[in-house]
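Quick notes on the structure that follows.
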Amino acid sequence: MTEPSTQQPRQSPPPPAGSGGTVPLDSTAQLLTRITAQLGTQLSLVSRNGTRRPMHRTRPSEALRPSDTLRPSAAPRPPAAPRSPDAPTLLVVAHGSRDPQALRTIMALLDRVRDLRPGLDVRLGHIELNRPLLPDTLDGLRGADAVLVPLLLGRGHHVKHDLPAAAAAAPAVRTRVAAPLGPHPLLVEALYGRLVEAGWDPADQGSRSAAVVLAAAGSRDPDSAQDTRRTARMLAERLGVPVVPAYASAATPTVPAALRALAARGRHRTFVASYFTAPGRFASAAAGAAPRTTALPLGAHPAMARLLLHRYDQALSATAPSGMVSLLASA
């Protein structure tokens with residue numbers, strides 16, 4: 001084979017017509033450089049949930065957590081269809097907490113929601129203790145449509161009274177109030193995932209010595225207690241062991257009392273599932289009362305992001321509001 005002249009670099013001939021080929025690169029080094037650049041560009045556009053994120057929201061310095069890394073053999077899922085610019089705002093309504101971890105956890109959850117629904121305006125409002133407060137967020141939406149999705153787990157006082165009152169006090173915003181998050185199978189999925197992270201062994205299904213306490217905030221509203229009991233039954237079906245609801249305030253039994261009752265029945269391998277949306281005073285009290293492992297709050301679990309969007313879509317499928325539509329009794 002003849003060496004090319006050092007004076008005149010060899011030009012690669014064009015591919016034959018109709019061959020579908022591409023023009024060869026001049027060297028192996030150039031080929032590797034181009035492949036590396038293209039791969040880096042594509043990976044920078046992949047969100048944590050495996051979808052392709054919009055260019056304007058890509059953060060070059062963002063690192064994937066170990067649990068979120070993509071398998072080399074798995075192609076990214078196709079991106080979700082962007083919402084139209086006139087889609088109502090998803091206004092997530094959180095309770096609020098003095099625990100600084102609470103706000104950080106909720107912001108991470110909202111990031112997951114935005115990754116799942118690119119282009120959707122997602123905002124946050126708190127009932128108390130944290131900014132932005134719900135009235136302030138509503139004031140910034142004058143003349144717009146919004147769906148208030150409670151980051152709350154049952155039909156308590158905040159859901160029945162505080163949210164409708166806040167929406168009624170903002171007549172310049174056309175609002176719908178979605179159902180609370182629970183009970184719902186996606187909550188059970190998140191609870192199960194947190195228990196597994198805390199050491200729950202799926203092999204314990206059907207065990208005569210295992211059980212779970214579902215630690216909730218508690219409410220004097222009978223509908224809230226009914227919602228918690230229903231979630232406990234759903235989780236028990238998933239785990240194959242008894243799940244006893246317990247409460248940090250306003251209702252009985254307490255977490256220690258529930259654990260003692262289970263021990264009296266021979267259930268000594270017990271876990272506490274945190275039925276809280278984020279860290280806070282009640283979640284810490286429940287964890288401190290448990291002699292064994294307590295799972296983390298639901299937080300930014302992927303199932304929580306999907307559930308927020310489900311409640312949003314569910315509210316939109318109802319009759320268009322004249323002022324306000326409430327889906328508080330929906331499941």
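Labels for the structure tokens follow display order: chains A, B, ..., residues from 1 in each chain, ligands from 1.
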
Could you give me, as number ranges by chain, the residues within 10 Å of Ile106 of chain A, counting only C-alpha atoms and dropping anything in the same chain fewer than 2 positions from it?
A: 92, 94, 96, 101-104, 108-112, 124, 151, 277-279, 299-300

Please list as an MDAnalysis selection string every residue within 12 Å of Leu259 of chain A, counting only C-alpha atoms and excluding residues in the same chain fewer than 4 positions away.
chainID A and resid 210:215 242:247 253:255 263:272 286 289:292

Next, dump the selected residues to file, keeping only C-alpha atoms, as a PDB file, in the first residue's frame.
ATOM      1  CA  ALA A 210     -42.996  -8.563  61.167  1.00  0.00           C
ATOM      2  CA  ALA A 211     -45.264  -5.525  61.163  1.00  0.00           C
ATOM      3  CA  VAL A 212     -45.285  -1.831  60.287  1.00  0.00           C
ATOM      4  CA  VAL A 213     -46.547   1.260  62.097  1.00  0.00           C
ATOM      5  CA  LEU A 214     -47.803   3.968  59.753  1.00  0.00           C
ATOM      6  CA  ALA A 215     -46.856   7.174  61.590  1.00  0.00           C
ATOM      7  CA  PRO A 242     -50.161  -5.931  59.596  1.00  0.00           C
ATOM      8  CA  VAL A 243     -49.880  -2.137  59.261  1.00  0.00           C
ATOM      9  CA  VAL A 244     -51.179  -0.132  62.225  1.00  0.00           C
ATOM     10  CA  PRO A 245     -51.825   3.619  61.864  1.00  0.00           C
ATOM     11  CA  ALA A 246     -50.473   5.777  64.690  1.00  0.00           C
ATOM     12  CA  TYR A 247     -50.403   9.511  65.233  1.00  0.00           C
ATOM     13  CA  PRO A 253     -52.740   5.396  69.275  1.00  0.00           C
ATOM     14  CA  THR A 254     -49.346   7.033  69.511  1.00  0.00           C
ATOM     15  CA  VAL A 255     -46.370   5.423  67.810  1.00  0.00           C
ATOM     16  CA  ALA A 263     -45.042  -6.626  70.423  1.00  0.00           C
ATOM     17  CA  ALA A 264     -47.766  -8.072  72.631  1.00  0.00           C
ATOM     18  CA  ARG A 265     -49.009  -9.972  69.576  1.00  0.00           C
ATOM     19  CA  GLY A 266     -45.544 -11.382  68.895  1.00  0.00           C
ATOM     20  CA  ARG A 267     -44.691  -8.842  66.198  1.00  0.00           C
ATOM     21  CA  HIS A 268     -41.170  -7.925  67.273  1.00  0.00           C
ATOM     22  CA  ARG A 269     -39.674  -7.169  63.844  1.00  0.00           C
ATOM     23  CA  THR A 270     -41.312  -3.783  63.368  1.00  0.00           C
ATOM     24  CA  PHE A 271     -40.657  -0.790  61.147  1.00  0.00           C
ATOM     25  CA  VAL A 272     -42.114   2.707  61.248  1.00  0.00           C
ATOM     26  CA  ALA A 286     -42.276   9.726  65.267  1.00  0.00           C
ATOM     27  CA  ALA A 289     -40.328   7.254  69.488  1.00  0.00           C
ATOM     28  CA  ALA A 290     -39.331   4.161  67.509  1.00  0.00           C
ATOM     29  CA  PRO A 291     -36.714   1.821  69.001  1.00  0.00           C
ATOM     30  CA  ARG A 292     -36.089   0.312  65.570  1.00  0.00           C
TER      31      ARG A 292
END

Exercise: Pro222 of chain A partners within 10 Å, only C-alpha atoms, chain neighbours under 6 positions left out, as a PyMOL selection string:
chain A and resi 155-156+228+251

When DSSP works through the backbone of this structure, what residues of segment 225-327 of chain A end up as strand (DSSP E or B), shown as JSON, numbers by chain?
{"A": [243, 244, 245, 246, 247, 269, 270, 271, 272, 273, 274, 294, 324, 325, 326]}

Please produce a file of the residues just selected, as a compact mmCIF listing (two decimals), in the first residue's frame, where the atoms kept are C-alpha atoms.
# COMPACT_ATOMS: atom_id res chain seq x y z
CA VAL A 243 -49.88 -2.14 59.26
CA VAL A 244 -51.18 -0.13 62.22
CA PRO A 245 -51.82 3.62 61.86
CA ALA A 246 -50.47 5.78 64.69
CA TYR A 247 -50.40 9.51 65.23
CA ARG A 269 -39.67 -7.17 63.84
CA THR A 270 -41.31 -3.78 63.37
CA PHE A 271 -40.66 -0.79 61.15
CA VAL A 272 -42.11 2.71 61.25
CA ALA A 273 -43.26 4.15 57.91
CA SER A 274 -43.20 7.96 57.90
CA THR A 294 -37.88 4.53 60.86
CA MET A 324 -63.42 27.73 41.90
CA VAL A 325 -64.00 23.99 41.48
CA SER A 326 -63.21 21.72 44.42

Neighbouring residues of His95 of chain A were defined as those with any atom within 12 Å, considering only C-alpha atoms; residues of the same chain fewer than 4 positions away were excluded. Please report them as number ranges by chain.
A: 99, 102-103, 106, 124-134, 149-153, 156-159, 162-163, 217, 276-280

Would you write out those residues with N, CA, C and O atoms, as a tab-separated table (two decimals), in the first residue's frame?
chain	number	residue	atom	x	y	z
A	99	ASP	N	-38.38	23.34	60.13
A	99	ASP	CA	-37.22	22.50	59.80
A	99	ASP	C	-36.67	22.93	58.45
A	99	ASP	O	-37.38	22.88	57.43
A	102	ALA	N	-37.20	20.79	55.32
A	102	ALA	CA	-38.53	20.65	54.71
A	102	ALA	C	-38.60	21.40	53.38
A	102	ALA	O	-39.02	20.84	52.36
A	103	LEU	N	-38.18	22.66	53.39
A	103	LEU	CA	-38.27	23.45	52.17
A	103	LEU	C	-37.35	22.89	51.09
A	103	LEU	O	-37.73	22.81	49.91
A	106	ILE	N	-39.04	19.85	49.54
A	106	ILE	CA	-40.17	20.18	48.67
A	106	ILE	C	-39.67	20.77	47.36
A	106	ILE	O	-40.22	20.49	46.28
A	124	LEU	N	-45.06	27.23	44.22
A	124	LEU	CA	-45.21	26.75	45.59
A	124	LEU	C	-45.83	27.83	46.45
A	124	LEU	O	-45.50	29.01	46.33
A	125	GLY	N	-46.73	27.41	47.33
A	125	GLY	CA	-47.29	28.30	48.34
A	125	GLY	C	-47.45	27.53	49.64
A	125	GLY	O	-47.80	26.35	49.63
A	126	HIS	N	-47.17	28.18	50.78
A	126	HIS	CA	-47.28	27.52	52.09
A	126	HIS	C	-48.49	28.06	52.85
A	126	HIS	O	-48.84	29.24	52.75
A	127	ILE	N	-49.07	27.19	53.64
A	127	ILE	CA	-50.17	27.60	54.50
A	127	ILE	C	-49.64	28.45	55.65
A	127	ILE	O	-50.27	29.44	56.05
A	128	GLU	N	-48.48	28.09	56.19
A	128	GLU	CA	-47.88	28.87	57.28
A	128	GLU	C	-46.39	28.52	57.39
A	128	GLU	O	-45.90	27.61	56.73
A	129	LEU	N	-45.68	29.31	58.18
A	129	LEU	CA	-44.31	29.05	58.62
A	129	LEU	C	-43.22	29.26	57.57
A	129	LEU	O	-42.08	29.51	57.93
A	130	ASN	N	-43.52	29.12	56.29
A	130	ASN	CA	-42.50	29.29	55.25
A	130	ASN	C	-42.99	30.24	54.17
A	130	ASN	O	-44.18	30.34	53.90
A	131	ARG	N	-42.04	30.89	53.54
A	131	ARG	CA	-42.34	31.67	52.35
A	131	ARG	C	-41.95	30.85	51.12
A	131	ARG	O	-41.03	30.05	51.20
A	132	PRO	N	-42.65	31.06	50.02
A	132	PRO	CA	-43.77	32.00	49.86
A	132	PRO	C	-45.05	31.46	50.50
A	132	PRO	O	-45.34	30.26	50.42
A	133	LEU	N	-45.80	32.34	51.13
A	133	LEU	CA	-47.11	31.98	51.65
A	133	LEU	C	-48.10	31.89	50.49
A	133	LEU	O	-47.94	32.54	49.45
A	134	LEU	N	-49.13	31.08	50.67
A	134	LEU	CA	-50.09	30.84	49.61
A	134	LEU	C	-50.74	32.13	49.09
A	134	LEU	O	-50.83	32.32	47.86
A	149	VAL	N	-52.90	22.18	44.22
A	149	VAL	CA	-52.75	20.75	44.55
A	149	VAL	C	-52.17	20.66	45.96
A	149	VAL	O	-51.01	21.04	46.17
A	150	PRO	N	-52.94	20.16	46.92
A	150	PRO	CA	-52.43	20.09	48.29
A	150	PRO	C	-51.32	19.06	48.43
A	150	PRO	O	-51.49	17.91	48.03
A	151	LEU	N	-50.20	19.46	48.99
A	151	LEU	CA	-49.15	18.52	49.36
A	151	LEU	C	-49.49	18.02	50.77
A	151	LEU	O	-48.72	18.14	51.72
A	152	LEU	N	-50.70	17.49	50.87
A	152	LEU	CA	-51.28	17.02	52.12
A	152	LEU	C	-51.89	15.66	51.86
A	152	LEU	O	-52.32	15.35	50.74
A	153	LEU	N	-51.96	14.83	52.90
A	153	LEU	CA	-52.22	13.41	52.70
A	153	LEU	C	-53.65	12.98	52.95
A	153	LEU	O	-54.00	11.82	52.69
A	156	GLY	N	-58.18	16.80	55.92
A	156	GLY	CA	-58.22	17.49	57.20
A	156	GLY	C	-58.66	18.93	57.06
A	156	GLY	O	-59.15	19.37	56.01
A	157	HIS	N	-58.46	19.70	58.15
A	157	HIS	CA	-58.93	21.08	58.20
A	157	HIS	C	-58.29	21.95	57.12
A	157	HIS	O	-58.97	22.77	56.49
A	158	HIS	N	-57.00	21.77	56.89
A	158	HIS	CA	-56.33	22.62	55.90
A	158	HIS	C	-56.93	22.41	54.51
A	158	HIS	O	-57.14	23.36	53.76
A	159	VAL	N	-57.19	21.16	54.17
A	159	VAL	CA	-57.72	20.86	52.84
A	159	VAL	C	-59.16	21.33	52.70
A	159	VAL	O	-59.56	21.89	51.67
A	162	ASP	N	-58.86	25.79	54.74
A	162	ASP	CA	-57.84	26.80	54.44
A	162	ASP	C	-57.64	27.00	52.94
A	162	ASP	O	-57.53	28.14	52.47
A	163	LEU	N	-57.59	25.91	52.18
A	163	LEU	CA	-57.37	26.05	50.74
A	163	LEU	C	-58.54	26.71	50.04
A	163	LEU	O	-58.34	27.66	49.25
A	217	ALA	N	-49.46	12.47	61.02
A	217	ALA	CA	-49.52	13.66	61.87
A	217	ALA	C	-50.70	13.60	62.83
A	217	ALA	O	-50.59	13.94	64.01
A	276	PHE	N	-45.38	11.27	56.15
A	276	PHE	CA	-45.20	12.72	56.16
A	276	PHE	C	-44.60	13.12	54.81
A	276	PHE	O	-43.76	12.40	54.27
A	277	THR	N	-45.00	14.26	54.30
A	277	THR	CA	-44.51	14.67	52.99
A	277	THR	C	-43.08	15.19	53.03
A	277	THR	O	-42.38	15.17	52.02
A	278	ALA	N	-42.63	15.64	54.21
A	278	ALA	CA	-41.28	16.22	54.31
A	278	ALA	C	-40.83	16.16	55.76
A	278	ALA	O	-41.64	15.93	56.67
A	279	PRO	N	-39.53	16.35	56.01
A	279	PRO	CA	-39.06	16.41	57.40
A	279	PRO	C	-39.75	17.54	58.16
A	279	PRO	O	-40.15	18.55	57.58
A	280	GLY	N	-39.87	17.35	59.46
A	280	GLY	CA	-40.51	18.35	60.30
A	280	GLY	C	-40.65	17.85	61.72
A	280	GLY	O	-40.14	16.78	62.08

As a check of understanding: the span from atom CA of Gly140 of chain A to atom CA of Gln314 of chain A is 24.0 Å

Need the shell around segment 198-203 of chain A: protein/DNA/RNA residues with any atom at most 8 Å away, counting only C-alpha atoms. Skip same-chain ones fewer than 3 positions apart. Format as number ranges by chain?
A: 194-195, 239, 271, 293-296

Under the rule that only C-alpha atoms are counted, which of A:Ala169, A:Leu90, A:Val177, A:Leu138 is the nearest residue to Ala318 of chain A?
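With only C-alpha atoms as the atom set, the closest residue is A:Val177.
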
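Residue nearest Val122 of chain A within the list A:Ala303, A:Val147, A:Ala190, A:Leu298: A:Val147 [criterion: smallest interatomic distance, only C-alpha atoms].
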
Can you list, as JSON, numbers by chain, every protein, DNA or RNA residue that comes within 8 Å of Arg238 of chain A when you count only C-alpha atoms, leaving out same-chain residues fewer than 3 positions away?
{"A": [188, 192, 234, 235]}

Preceding selection exported with all heavy atoms as a short mmCIF file (atom, residue, chain, number, x, y, z; two decimals), in the first residue's frame:
data_model
loop_
_atom_site.label_atom_id
_atom_site.label_comp_id
_atom_site.auth_asym_id
_atom_site.auth_seq_id
_atom_site.Cartn_x
_atom_site.Cartn_y
_atom_site.Cartn_z
N VAL A 188 -48.73 4.48 48.32
CA VAL A 188 -48.27 3.18 48.80
C VAL A 188 -46.93 2.82 48.15
O VAL A 188 -46.03 2.27 48.79
CB VAL A 188 -49.34 2.11 48.52
CG1 VAL A 188 -48.84 0.72 48.91
CG2 VAL A 188 -50.61 2.44 49.29
N TYR A 192 -43.64 2.14 50.33
CA TYR A 192 -42.92 0.88 50.18
C TYR A 192 -41.45 1.14 49.83
O TYR A 192 -40.54 0.52 50.39
CB TYR A 192 -43.59 0.04 49.10
CG TYR A 192 -42.92 -1.31 48.88
CD1 TYR A 192 -43.22 -2.39 49.71
CD2 TYR A 192 -42.00 -1.49 47.86
CE1 TYR A 192 -42.59 -3.63 49.51
CE2 TYR A 192 -41.38 -2.72 47.66
CZ TYR A 192 -41.68 -3.77 48.49
OH TYR A 192 -41.06 -4.98 48.29
N MET A 234 -54.07 -0.46 52.44
CA MET A 234 -53.44 -0.65 51.15
C MET A 234 -51.98 -1.06 51.30
O MET A 234 -51.47 -1.92 50.58
CB MET A 234 -53.56 0.63 50.32
CG MET A 234 -55.00 1.00 49.96
SD MET A 234 -55.16 2.69 49.31
CE MET A 234 -54.30 2.54 47.75
N LEU A 235 -51.28 -0.45 52.26
CA LEU A 235 -49.88 -0.80 52.48
C LEU A 235 -49.77 -2.21 53.04
O LEU A 235 -48.84 -2.96 52.68
CB LEU A 235 -49.23 0.21 53.43
CG LEU A 235 -47.74 0.03 53.71
CD1 LEU A 235 -46.92 0.09 52.42
CD2 LEU A 235 -47.25 1.08 54.72
#

Picked from segment 153-278 of chain A by DSSP as helix (DSSP H, G or I), as JSON, numbers by chain:
{"A": [157, 158, 159, 160, 161, 162, 163, 164, 165, 166, 167, 168, 185, 186, 187, 188, 189, 190, 191, 192, 193, 194, 195, 196, 197, 202, 203, 204, 222, 223, 224, 225, 226, 227, 228, 229, 230, 231, 232, 233, 234, 235, 236, 237, 238, 239, 255, 256, 257, 258, 259, 260, 261, 262, 263, 264]}

What is the atom CA of Asp145 of chain A-atom CA of Ala168 of chain A distance in Å, reported with one decimal?
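We find that atom CA of Asp145 of chain A and atom CA of Ala168 of chain A lie 13.4 Å from each other.
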
Could you jot down the atom CA of Ala167 of chain A to atom CA of Leu309 of chain A separation for me, Å, one decimal place?
19.6 Å

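Between Leu141 of chain A and the candidates A:Gly206, A:Gly182, A:Gly154, A:Pro88, the tightest atom-to-atom separation, counting only C-alpha atoms, involves A:Pro88.
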